[in-house]
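Below you'll find the structure, written out as structure tokens, and then a few comments.
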Amino acid sequence: MSHSPIDSKTAGQRNEKLILSLLRKHGSLTQTQLCRLVGIGSSTASTIVARLRDKGLVQESRGSSQRRGPKPSILSLNPKCSYVIGIEINPSYAVIGMFDFVGRLVGKRRMLLGPDHSPVYVIDLVRGGLEGFLREHHLNEDSVLGAGVTLSGSVSSGGEVYLSSPLGWRDVPLRRLLSEYFNFPIVIYSNRVRLLAEIAAAPELATRNILYLNVANGVGSTVYSEGRLVFGATGRYGEIGHNVIDPDGPLCGCGHRGCLEAHISGPALAGKIERDVRNGAQTLLAEGLGQQTTPEQLLANWPKAVDKGDAYAIALRDYAAGLISRCAADAINGYDPDVLILAGYVNLLFADVFAEAIGLRMKTAVYDSEMRQIEIRPAKAGEDALINGICAAVLQDTLDVRW
Ligand SMILES: [Zn+2]
């Protein structure tokens, strides 16, 4: 059941949502500006604003004015009226973030997952973590506008995880299972919402055609075109990590053999280093093996090893560059972007080298490459990108009115 104070059943309530989404977009507005943007008269605006103020959703302050007479009233969202919870689940850890009504991160908790990735264990861990987190922040469930959960994989609009190869989950009704414990609305997002955080951090991206290539615990791409994320018929758009590049290659979490993800995801590369060292390879990267390290922690030493001239580390970087550039070329042919964002902890270790390899590969493997101008840039949205993206998605889903 929903505790959302915002309803869209009537035109007046629709205008309430519209005003809230405009305030979210602009930060603060005078009532005159609101009337112009919404296309309503000042008395209608006053009535709606009074209602929003009574609900505690907006706040007013007095602005400054050069002219004589009363100073204009400035309206903005009340950041403390409601909160959004964002939860990221990946094979190494889960993160819970709490955001205020204007989308600022106000609290975060990180929990290590351990080797047991079974849905029962992980959901129990997240449930217990979230209950403790709400208690710690003295947050009543009625104050939570909604929660979004994200993981690497494909999910249905009803919140069922069809398949998450990094977690090894198939057909897990995650939304239903979590909703049994909490009264606020819960939505499950694929980790495509990460791109919304990227756009929030660099608003000039909002009008571009973006291919977002993520290489981390999973490998996949997200496409943003004509102002929105593209999901496809079943939410599996852009799953290029499961292009089979070697039918006799390593087993992938999706059940197939030789997927790109089984070659260049963080866990795949960590597994390759471990196998190669066992077979006699000499490398500085061996130092991190055999300890309780995540693939991300193990690979963090890779650029340093390259800088020290470690031949194995250099060859491994070139191997990754070869596969990533091949994957990027295929995706450029398929999606026709004008911006390619290299994201995920593997991509970010050598973003410059991978960008150069992609530029070279485009000359021989991308259709009519001379006529394209594709900007290749590293992701900027940092380690909180996923929970930030969830917050943006929850606020957008709750507040945005399309007209
Ligand atoms: Zn696969």
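Letters A, B, ... go to the chains of the structure tokens in the order shown; residues in each chain start at 1; ligands are counted from 1 in the same order.
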Close residues to ligand 1 using only C-alpha atoms and all ligand atoms, limit 8 Å, as a list in words
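Final answer, ordered by chain and number: Ser165, Gly241, His242, Asn243, Val244, Leu251, Cys252, Gly253, Cys254, Gly255, His256, Arg257, Gly258, Cys259, Leu260, Glu261 and Ala262 of chain A.
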Export N, CA and C atoms of the chosen residues as a PDB file, in the first residue's frame?
ATOM      1  N   SER A 165      22.977 -12.461 -13.881  1.00  0.00           N
ATOM      2  CA  SER A 165      24.066 -13.434 -13.989  1.00  0.00           C
ATOM      3  C   SER A 165      25.139 -13.201 -12.923  1.00  0.00           C
ATOM      4  N   GLY A 241      26.786  -7.699 -23.028  1.00  0.00           N
ATOM      5  CA  GLY A 241      27.726  -8.526 -22.264  1.00  0.00           C
ATOM      6  C   GLY A 241      27.509 -10.007 -22.517  1.00  0.00           C
ATOM      7  N   HIS A 242      26.349 -10.348 -23.075  1.00  0.00           N
ATOM      8  CA  HIS A 242      26.069 -11.763 -23.324  1.00  0.00           C
ATOM      9  C   HIS A 242      26.168 -12.117 -24.804  1.00  0.00           C
ATOM     10  N   ASN A 243      26.820 -11.232 -25.574  1.00  0.00           N
ATOM     11  CA  ASN A 243      27.221 -11.637 -26.928  1.00  0.00           C
ATOM     12  C   ASN A 243      28.292 -12.721 -26.765  1.00  0.00           C
ATOM     13  N   VAL A 244      28.077 -13.843 -27.452  1.00  0.00           N
ATOM     14  CA  VAL A 244      29.035 -14.948 -27.341  1.00  0.00           C
ATOM     15  C   VAL A 244      30.209 -14.669 -28.265  1.00  0.00           C
ATOM     16  N   LEU A 251      32.306 -20.586 -18.812  1.00  0.00           N
ATOM     17  CA  LEU A 251      30.868 -20.579 -18.524  1.00  0.00           C
ATOM     18  C   LEU A 251      30.478 -19.220 -17.935  1.00  0.00           C
ATOM     19  N   CYS A 252      29.358 -18.688 -18.426  1.00  0.00           N
ATOM     20  CA  CYS A 252      28.869 -17.390 -17.941  1.00  0.00           C
ATOM     21  C   CYS A 252      27.748 -17.621 -16.925  1.00  0.00           C
ATOM     22  N   GLY A 253      27.507 -16.638 -16.083  1.00  0.00           N
ATOM     23  CA  GLY A 253      26.423 -16.741 -15.107  1.00  0.00           C
ATOM     24  C   GLY A 253      25.054 -16.903 -15.750  1.00  0.00           C
ATOM     25  N   CYS A 254      24.930 -16.548 -17.042  1.00  0.00           N
ATOM     26  CA  CYS A 254      23.633 -16.662 -17.724  1.00  0.00           C
ATOM     27  C   CYS A 254      23.385 -18.093 -18.188  1.00  0.00           C
ATOM     28  N   GLY A 255      24.392 -18.960 -18.101  1.00  0.00           N
ATOM     29  CA  GLY A 255      24.220 -20.357 -18.507  1.00  0.00           C
ATOM     30  C   GLY A 255      24.882 -20.680 -19.835  1.00  0.00           C
ATOM     31  N   HIS A 256      25.212 -19.657 -20.621  1.00  0.00           N
ATOM     32  CA  HIS A 256      25.888 -19.900 -21.900  1.00  0.00           C
ATOM     33  C   HIS A 256      27.409 -19.942 -21.695  1.00  0.00           C
ATOM     34  N   ARG A 257      28.063 -20.381 -22.749  1.00  0.00           N
ATOM     35  CA  ARG A 257      29.529 -20.388 -22.714  1.00  0.00           C
ATOM     36  C   ARG A 257      30.100 -19.261 -23.562  1.00  0.00           C
ATOM     37  N   GLY A 258      31.158 -18.639 -23.062  1.00  0.00           N
ATOM     38  CA  GLY A 258      31.946 -17.731 -23.896  1.00  0.00           C
ATOM     39  C   GLY A 258      31.367 -16.343 -24.099  1.00  0.00           C
ATOM     40  N   CYS A 259      30.440 -15.903 -23.211  1.00  0.00           N
ATOM     41  CA  CYS A 259      29.940 -14.531 -23.319  1.00  0.00           C
ATOM     42  C   CYS A 259      31.081 -13.548 -23.052  1.00  0.00           C
ATOM     43  N   LEU A 260      30.905 -12.350 -23.581  1.00  0.00           N
ATOM     44  CA  LEU A 260      31.861 -11.282 -23.298  1.00  0.00           C
ATOM     45  C   LEU A 260      32.032 -11.089 -21.790  1.00  0.00           C
ATOM     46  N   GLU A 261      30.894 -11.123 -21.053  1.00  0.00           N
ATOM     47  CA  GLU A 261      30.942 -10.935 -19.594  1.00  0.00           C
ATOM     48  C   GLU A 261      31.830 -11.980 -18.913  1.00  0.00           C
ATOM     49  N   ALA A 262      31.832 -13.206 -19.467  1.00  0.00           N
ATOM     50  CA  ALA A 262      32.649 -14.269 -18.871  1.00  0.00           C
ATOM     51  C   ALA A 262      34.136 -14.070 -19.162  1.00  0.00           C
TER      52      ALA A 262
END
Run DSSP on the backbone and tell me which residues of stretch 144-379 of chain A come out as strand (DSSP E); list them as a ChimeraX atom specification.
/A:144-151,154-155,161-164,169-172,186-190,210-215,219-225,228-229,339-343,375-378
Find the residues near A:Leu298: any atom within 12 Å, counting only C-alpha atoms, skip ones fewer than 4 places away on the same chain, and give them as an MDAnalysis selection string.
chainID A and resid 266:274 284:294 302:305 345:346 349
Output file for the residues above (C-alpha atoms, as a JSON list (two decimals), in the first residue's frame):
[["chain", "number", "residue", "atom", "x", "y", "z"],
["A", 266, "GLY", "CA", 35.80, -7.90, -12.90],
["A", 267, "PRO", "CA", 35.18, -11.42, -11.50],
["A", 268, "ALA", "CA", 36.14, -12.98, -14.87],
["A", 269, "LEU", "CA", 39.44, -11.06, -14.97],
["A", 270, "ALA", "CA", 40.16, -11.88, -11.32],
["A", 271, "GLY", "CA", 39.49, -15.56, -12.09],
["A", 272, "LYS", "CA", 41.80, -15.40, -15.11],
["A", 273, "ILE", "CA", 44.63, -13.88, -13.01],
["A", 274, "GLU", "CA", 44.19, -16.62, -10.42],
["A", 284, "LEU", "CA", 52.74, -8.32, -9.17],
["A", 285, "LEU", "CA", 48.99, -8.95, -9.28],
["A", 286, "ALA", "CA", 49.64, -12.32, -7.57],
["A", 287, "GLU", "CA", 50.17, -10.43, -4.29],
["A", 288, "GLY", "CA", 46.46, -9.78, -3.86],
["A", 289, "LEU", "CA", 45.42, -13.40, -4.48],
["A", 290, "GLY", "CA", 44.40, -15.82, -1.77],
["A", 291, "GLN", "CA", 43.21, -13.03, 0.53],
["A", 292, "GLN", "CA", 39.66, -11.97, 1.26],
["A", 293, "THR", "CA", 39.62, -9.47, -1.57],
["A", 294, "THR", "CA", 36.79, -8.64, -3.95],
["A", 302, "TRP", "CA", 46.48, -3.39, -11.92],
["A", 303, "PRO", "CA", 47.40, 0.17, -13.14],
["A", 304, "LYS", "CA", 50.25, 0.31, -10.59],
["A", 305, "ALA", "CA", 51.57, -3.02, -11.89],
["A", 345, "TYR", "CA", 35.40, -0.12, -12.24],
["A", 346, "VAL", "CA", 37.13, -2.15, -14.97],
["A", 349, "LEU", "CA", 41.07, 1.62, -14.52]]
Backbone-only DSSP, alpha helix (DSSP H) members of stretch 121-306 of chain A, as number ranges by chain
A: 121-136, 174-179, 194-201, 261-264, 266-278, 295-299, 302-306
Close residues, A:Asp318 itself excluded, 12 Å, only C-alpha atoms, min 4 positions apart in chain, as a PyMOL selection string
chain A and resi 264+306+311-314+322-325+350+353-354+356-358
Written selection (C-alpha atoms) as a CSV table (one decimal), in the first residue's frame:
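The new file again_13.csv reads:
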chain,number,residue,atom,x,y,z
A,264,ILE,CA,36.1,-9.2,-19.1
A,306,VAL,CA,51.4,-1.7,-15.5
A,311,ALA,CA,54.6,-7.6,-18.6
A,312,TYR,CA,51.6,-9.8,-17.5
A,313,ALA,CA,49.7,-6.8,-16.3
A,314,ILE,CA,50.4,-4.9,-19.6
A,322,GLY,CA,40.9,-5.6,-27.5
A,323,LEU,CA,37.7,-7.1,-26.2
A,324,ILE,CA,36.2,-3.8,-24.9
A,325,SER,CA,36.9,-2.1,-28.2
A,350,PHE,CA,42.3,2.3,-18.1
A,353,VAL,CA,43.8,3.4,-23.1
A,354,PHE,CA,40.3,1.8,-23.8
A,356,GLU,CA,42.1,5.0,-27.8
A,357,ALA,CA,41.6,1.3,-28.6
A,358,ILE,CA,37.9,2.0,-29.4
